[in-house]
Structures are given as C-alpha cells and as structure tokens.
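S.K.: Sharing a structure below in structure tokens format, with a few things to ask.
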Amino acid sequence: MRRLRACLGAAAAVTLAAAGTTALVAGNASGATTALSNRWYAAAPYLMPLDNDPPDPAAIMDATGLKAFQLAFVLAPDGGGCTPTWGGTAPVASDTAVRSVIDTVRAKGGDVSVSIGGYGGTKLGQTCADPASTAAAYQQVITKYGLHAIDFDLEEPEYENSAAIKNEIGAAKILQQNNPGLYVSVTTAGTADGTGWFGKQMLLEAKSQGFTPNNFSIMPFDGGFNGAASQTGALTNFNAILRSTFGWDEATAYAHEGFSGMNGRSDTGEYFTQADFRTVLDYATSHHMDRFTFWSLNRDRQCTPADNGGRTSGTCSSVTQNAWDFARYSVQFAGVTPPTTTPTPTPTPTPASCKTAWSASSVYTAGNEVSYNKHNWKAKWWTQNEAPGASEWGPWQDEGAC
C-alpha cells in the first residue's frame, strides 16, 4: 500500500564487502525455522506488526490456513543513519516486539518475510553511502530474524532518487549472492501501462547490474484503476515491459512477475472486492505468475460505521466482508500446483557493440546514437556539448553497457 503507509504507518556505518558476509539461514541462533516453499513467500500478505491495530497472526492462521506473512516496514532511522529500524523509530537491533510475532508464527509452522521501504519515510537506500553499506544494514535484519525471504518495496518518493535506487538494487543483488536460497521480491507502483517512468528506470538499473529477483511486482491501485479488468490489463502490459527490458519470452516474464493489490477501498477511493481478487487470482495462476499478495491483513476485516464513514482505513477494508476473506485468496495462490517446468531466466544479454564515440563539438538530433563511458546512448532531442549521463534529466537515454 502507498499513502496509508505514510499516514498511519510509523507509530511505533558498517561496510559489507560484496563477497564477505556469511548468511545465517536455517536452524541458527536467531531461531530461524526450515524455509517454507517459495510459493508461500510469494503469497504472504502484508502485516504491520507494530501499527494499525495489528491482528493476531495465530488467529489468522487458524481461521484460514495461511502460513506466511510479509512484515512491514524496515526504514532508516527518522534521525538519519544507516541502521535498520521498524517504521523509522524502533531499532531492529534491540527489537523484541516483532521477534515475538515471528516466534508466534514459526511456532505454528509458518514463517515471515520482511518488507523494506514502502510509501513515505526515509529509506536506507537514501541514507547509506553505497550498495555495500545498504546491504550491510539489511543483512542485520536477515541475520537477527533468520529470514528466508525479503521484499524491496521501491516506490515514492525513493524511486525518484536514482542514487537511492542504485543502492537498493545493488544491496538486493549482494544479499541474494550472500544468502543462498533467499527469496527476493521487488515491489513498485503500477499504472495502466504496467508501471511508470520511474518503475521502468528501476528495471533498467536492475538490468545494468545483472540482478534478477524472484519477481518484480506491481501495485495496480491508487492510479485510476477500476476493478479487476483494469488490474489484469496492467499486468499484461507489465509483462510486455519485462520482456522488452530483459529480453525474456512471455512465459519467463510471467514467471518473474507479481501482483500486489489493495483489499477494499484504496487511498484514492477505488474499490476492490472479493470478486475482483478472485478474477486477478485466476489471471495470476493461469499465467503462472510468481507472486500474489495484498495490502494488508490489518485491513482484512469489516469496518464498523465509526471506523468507515466513507474513508479509507488502515484497520479495515471499507467493503462488506467476513474477517480474513482476502487472506483466503493468498492461501489459494500458495496451494496452486506450480507448472511442471519453470522457465529458466534468460541470461543478461551480452553487451552490444559500442557506437561511435560522443564528441563535445558534434551536433546530435533525436535518435542519434553514440557511446560514452562504455555505454551506448540515444539522443532524445537536439543537443551539443552535453555529455551523456551528466544529468538524470538530460538529452541522452542510456541504452545499456557496450
């Protein structure tokens, strides 16, 4: 979820060499359990364990069969710095409250993923110096809780900061390398076209770093959406973006695509009912998508008249429902038999040959291509003596390494 994360969410410099961290994964001092299947981490709905009237995860597990929860959100400290906190205020290092929630879930045979980022707040990618130090901060979270899964929720305002996104994607790649078997999802804003300009730039950053997570998920809400048809249309368009960015075929792109919805009334007044979730679930399973999740379990219950009043709530859905109706769709997604063969990701393409080198004295018009600093660039408009990459908003479009 986006705006309600900011409005209702946060109540409550170590350098990591790219090959130097040893992950603590299963059965370690942090109390980690044996990992669930990836399908469960892919189906884990978001839960704020410290805010928005947290529901009892044990009760949800008993009522629905749910086994996995996506805990939100890890941020930088509100006062600045490169150490992980819950919601900007509760240091992970000294946490006992979230630890108790995790222990409760694991005692019943379940597990958790942790989500970093979200809408609003200050993200570690913004405050840490580089990808290695960003990864070091997140490694503290993985090690403390013995995590088998992590979610990078990259959206406003962080994803408008190219340096921060470089840190986040670089950190995700380091964590993936240093924690064998770690399930990594990357979640970003959705639009009718799939995702917007900043989302596409994030994908290009992942491509340039040679990083492939388990999935890239979009949030098709808060953007003029109207029911399931508009959401499945966005997922279809996002599949095309993944294909064009990474050179994947359609099946491979769907195998690395995810959906992150919002149950009930969205921040902008859109409504997504149980029937809408059923339609998107059927789309996700029929296309063998990798992830189906939603924001949030805190909202997966009926509002009272006092709670609702025609507004969006962080603690209820604002639609008619029984408690945990939407969680049951996550359980169904987790229980779907995966395809017998999973498409293998297409390797990152070999860099293209370099175009003619850029010259400060030459005049370039829209469509002209040059090479500069081992990347090819295409002019977006007339330009002279403006070096490619000198400005994020400059006249050159990066076409990748050469």
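Labeling convention for the structure tokens: chains A, B, ... as they appear, residues from 1 per chain, ligands from 1 in order of appearance.
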Got a sec to tell me which of range 114-265 of chain A DSSP assigns to strand (DSSP E or B), as a PyMOL selection string?
M.R.: chain A and resi 114-117+149-153+183-189+191+194+215-219+257-262+264-265
S.K.: Could those residues be written to a file, using C-alpha atoms, as a tab-separated table (two decimals), in the first residue's frame?
M.R.:
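Heads up, here's the output in again28.tsv:
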chain	number	residue	atom	x	y	z
A	114	VAL	CA	10.29	-8.67	5.83
A	115	SER	CA	9.49	-5.72	3.58
A	116	ILE	CA	11.74	-2.70	3.37
A	117	GLY	CA	10.68	0.70	2.09
A	149	ALA	CA	12.67	-14.02	2.23
A	150	ILE	CA	12.84	-10.24	1.82
A	151	ASP	CA	10.82	-7.70	-0.16
A	152	PHE	CA	12.19	-4.45	-1.61
A	153	ASP	CA	9.19	-2.10	-1.81
A	183	TYR	CA	13.56	-15.34	-1.83
A	184	VAL	CA	13.73	-11.74	-3.11
A	185	SER	CA	10.76	-9.76	-4.40
A	186	VAL	CA	10.84	-6.20	-5.73
A	187	THR	CA	7.57	-4.26	-5.50
A	188	THR	CA	6.84	-0.96	-7.23
A	189	ALA	CA	3.97	1.27	-8.33
A	191	THR	CA	-0.03	2.17	-13.83
A	194	GLY	CA	2.20	-1.52	-16.34
A	215	ASN	CA	9.85	-11.39	-9.15
A	216	PHE	CA	9.11	-7.79	-9.96
A	217	SER	CA	5.63	-6.99	-8.59
A	218	ILE	CA	3.42	-4.02	-9.39
A	219	MET	CA	0.70	-2.43	-7.25
A	257	GLU	CA	6.02	-11.13	-12.38
A	258	GLY	CA	3.90	-10.43	-9.32
A	259	PHE	CA	0.70	-8.70	-8.21
A	260	SER	CA	0.37	-6.66	-5.02
A	261	GLY	CA	-3.20	-5.42	-4.57
A	262	MET	CA	-5.12	-3.41	-2.01
A	264	GLY	CA	-11.34	-2.98	-0.26
A	265	ARG	CA	-11.18	0.81	-0.58
S.K.: Using the chain letters and numbers from this document, which residues of range 255-325 of chain A does DSSP assign to alpha helix (DSSP H), as an MDAnalysis selection string?
M.R.: chainID A and resid 274:286
S.K.: So that I can see what lies close to range 196-204 of chain A, please list as a PyMOL selection string the residues with an atom at most 12 Å from it, counting only C-alpha atoms and leaving out residues fewer than 3 positions away in the same chain.
M.R.: chain A and resi 152-170+186-193+207-213+215-220+223+234+237-238+240-247+348+392-393+397-401
S.K.: Could you please determine the separation between CA of Lys380 in chain A and CA of Asn239 in chain A in Å, to one decimal place?
M.R.: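 Between these atoms lies a distance of 25.2 Å.
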S.K.: Taking into account only C-alpha atoms, which residue in the set A:Val319, A:Ala44, A:Val74, A:Val363 is nearest to Gly121 in chain A?
M.R.: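 Result for the nearest residue to Gly121 in chain A: A:Val74.
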S.K.: Extract, using only C-alpha atoms, all DNA, RNA and protein residues at most 7 Å from Arg301 in chain A, discarding same-chain residues fewer than 2 positions from it, and format them as a compact mmCIF listing (two decimals) with N, CA and C atoms, in the first residue's frame.
M.R.:
# COMPACT_ATOMS: atom_id res chain seq x y z
N ARG A 299 -6.10 -4.62 7.38
CA ARG A 299 -7.34 -4.10 6.79
C ARG A 299 -8.33 -5.21 6.41
N CYS A 303 -15.37 -3.04 8.58
CA CYS A 303 -15.40 -1.79 9.33
C CYS A 303 -16.69 -1.67 10.13
N CYS A 316 -9.34 -1.56 8.49
CA CYS A 316 -10.46 -2.32 7.93
C CYS A 316 -10.58 -1.98 6.46
N SER A 317 -11.39 -2.77 5.73
CA SER A 317 -11.38 -2.69 4.27
C SER A 317 -12.39 -1.72 3.66
N GLN A 321 -17.53 -7.74 4.30
CA GLN A 321 -16.72 -8.96 4.29
C GLN A 321 -16.77 -9.66 5.63
N ASN A 322 -16.36 -10.91 5.62
CA ASN A 322 -16.04 -11.63 6.84
C ASN A 322 -14.55 -11.43 7.12
N ALA A 323 -14.18 -11.58 8.37
CA ALA A 323 -12.77 -11.42 8.71
C ALA A 323 -11.92 -12.40 7.91
N TRP A 324 -10.84 -11.88 7.33
CA TRP A 324 -9.80 -12.63 6.61
C TRP A 324 -10.28 -13.20 5.28
S.K.: Hey, can you check how far CA of Gly227 in chain A sits from CA of Asp276 in chain A?
M.R.: 6.0 Å
S.K.: Set the distance at 7 Å and use only C-alpha atoms: which residues neighbour Phe69 in chain A once local chain neighbours fewer than 6 positions away are removed? I'd like the list as a VMD selection string.
M.R.: chain A and resid 44 to 47 111 to 113
S.K.: Quick check, in Å to one decimal: how far apart do CA of Ala97 in chain A and CA of Gln126 in chain A lie?
M.R.: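 Straight-line distance from CA of Ala97 in chain A to CA of Gln126 in chain A works out to 26.0 Å.
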S.K.: So that I can check the surroundings of range 228-230 of chain A, please list as JSON, numbers by chain every protein, DNA and RNA residue that reaches within 9 Å of it, counting only C-alpha atoms and ignoring chain neighbours fewer than 2 positions away.
M.R.: {"A": [192, 220, 224, 225, 226, 232, 233, 234, 235, 272, 273, 275, 276, 277, 278, 279, 280]}
S.K.: So, with only C-alpha atoms as the atoms that count, which of A:Gly335, A:Pro388, A:Gly125, A:Pro180 lies closest to Ala357 in chain A?
M.R.: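 Under the stated criterion, the closest residue is A:Pro388.
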S.K.: So that I can see what lies close to Ser330 in chain A, please list as an MDAnalysis selection string the residues with an atom at most 9 Å from it, counting only C-alpha atoms and leaving out residues fewer than 3 positions away in the same chain.
M.R.: chainID A and resid 40 42:45 66 281 292:294 326:327 333:335
S.K.: How about saving the chosen residues, C-alpha atoms kept, as an mmCIF file, in the first residue's frame?
M.R.:
data_model
loop_
_atom_site.group_PDB
_atom_site.id
_atom_site.type_symbol
_atom_site.label_atom_id
_atom_site.label_comp_id
_atom_site.auth_asym_id
_atom_site.auth_seq_id
_atom_site.Cartn_x
_atom_site.Cartn_y
_atom_site.Cartn_z
ATOM 1 C CA TRP A 40 4.220 -19.364 0.445
ATOM 2 C CA ALA A 42 5.064 -15.349 -2.835
ATOM 3 C CA ALA A 43 1.583 -15.428 -1.274
ATOM 4 C CA ALA A 44 2.426 -13.697 2.013
ATOM 5 C CA PRO A 45 0.082 -10.720 2.635
ATOM 6 C CA LEU A 66 -2.263 -19.044 5.993
ATOM 7 C CA LEU A 281 -6.065 -14.637 -8.742
ATOM 8 C CA PHE A 292 0.085 -12.720 -5.425
ATOM 9 C CA THR A 293 -0.085 -10.538 -2.319
ATOM 10 C CA PHE A 294 -2.021 -7.584 -0.913
ATOM 11 C CA PHE A 326 -8.896 -11.660 1.349
ATOM 12 C CA ALA A 327 -6.260 -13.778 3.115
ATOM 13 C CA PHE A 333 -2.469 -18.987 -4.559
ATOM 14 C CA ALA A 334 0.047 -20.778 -2.331
ATOM 15 C CA GLY A 335 -1.759 -24.056 -2.813
#
S.K.: Given the choices A:Gln332, A:Gln274, A:Thr195, A:Gln384, which gets closest to Trp396 in chain A if the distance is worked out from only C-alpha atoms?
M.R.: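 Going through A:Gln332, A:Gln274, A:Thr195, A:Gln384 one by one, the smallest distance to Trp396 in chain A is for A:Gln384.
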